[in-house]
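These notes concern the structure reproduced below.
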Amino acid sequence: MPEMRPRPDPVPSPRGSMKRRFWRIFRLLVLLSLVVAAIAVLLVARGDPALDINILVATALGTGFTMLLGTSLMTLVFLSADSGHDEAAAQIHHENRDE
């Protein structure tokens, strides 16, 4: 029977770790968006007691998706800056401009 040697752990890829980091942050952003949407619905419902349900649904969806989109895009900007790709692109841009 051949002797089994343990294989070394694979080297983690930066792409995979950034992806996991984004999805971890994204889950928190979903919760934040739900809380903000609930607060917006409560404020709208408190202002006028004779509201139609469509206004409340539109408020919840509009506020929630807008909050989620804005915070997700800002997260991608910060993660992109941390990855170092922006510096590499800036160096290429400056080299091309100097020529």
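We name chains A, B, ... following the order of the structure tokens; residues begin at 1 in each chain, and ligands are numbered from 1 as shown.
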Problem set entry | Surrounding residues of Leu43 of chain A excluding itself and chain neighbours under 5 positions, 12 Å, only C-alpha atoms, as a PyMOL selection string | chain A and resi 36-38+48-49+51+56+59-60
Output C-alpha atoms for every residue in that selection, as a PDB file, in the first residue's frame.
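Below is the file again-v4.pdb, written as the result:
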ATOM      1  CA  VAL A  36     -33.792  51.731   6.679  1.00  0.00           C
ATOM      2  CA  ALA A  37     -36.740  50.646   4.497  1.00  0.00           C
ATOM      3  CA  ALA A  38     -38.757  49.706   7.603  1.00  0.00           C
ATOM      4  CA  ASP A  48     -50.952  59.993   6.945  1.00  0.00           C
ATOM      5  CA  PRO A  49     -53.204  57.284   8.439  1.00  0.00           C
ATOM      6  CA  LEU A  51     -52.560  55.645   3.033  1.00  0.00           C
ATOM      7  CA  LEU A  56     -46.049  51.785   1.491  1.00  0.00           C
ATOM      8  CA  THR A  59     -41.608  53.373  -0.289  1.00  0.00           C
ATOM      9  CA  ALA A  60     -40.151  50.138   1.059  1.00  0.00           C
TER      10      ALA A  60
END
Sorted by chain and rising residue number, list the residues of segment 4-41 of chain A at most 8 Å from segment 73-81 of chain A (counting only C-alpha atoms), each with its closest atom pair and distance in Å to one decimal, as JSON lines.
{"residue": "A:Met18", "atom": "CA", "partner": "A:Leu79", "partner_atom": "CA", "distance": 7.2}
{"residue": "A:Phe22", "atom": "CA", "partner": "A:Thr75", "partner_atom": "CA", "distance": 7.4}
{"residue": "A:Ile25", "atom": "CA", "partner": "A:Thr75", "partner_atom": "CA", "distance": 7.9}
Problem set entry | 12 Å contact set for Leu69 of chain A, only C-alpha atoms, chain neighbours under 6 positions out, as a ChimeraX atom specification | /A:26,29-30,32-33,61-63,75-76
For this session: For each of A:Ala50, A:Ser72, A:Pro6, A:Ser83, take the minimum atom-to-atom distance to Arg27 of chain A, counting only C-alpha atoms, then give the residue where this is smallest.
Result: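 Under the stated criterion, the closest residue is A:Ser72.
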For this session: Give me, please, the distance in Å between atom CA of Gln91 of chain A and atom CA of Gly70 of chain A, quoted to one decimal.
Result: 28.2 Å
Exercise. Please, what distance in Å, to one decimal, runs between atom CA of Arg46 of chain A and atom CA of Leu28 of chain A?
Worked result: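 Atom CA of Arg46 of chain A sits 27.1 Å away from atom CA of Leu28 of chain A.
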For this session: Please measure the separation of atom CA of Phe65 of chain A and atom CA of Asp82 of chain A, giving the value in Å to one decimal.
Result: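 Separation of atom CA of Phe65 of chain A and atom CA of Asp82 of chain A: 25.5 Å.
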Exercise. For Thr71 of chain A, which residue out of A:Ile55, A:Leu31, A:Val41, A:Met4 is the nearest one, using only C-alpha atoms?
Worked result: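 Among the listed residues, A:Leu31 lies closest to Thr71 of chain A.
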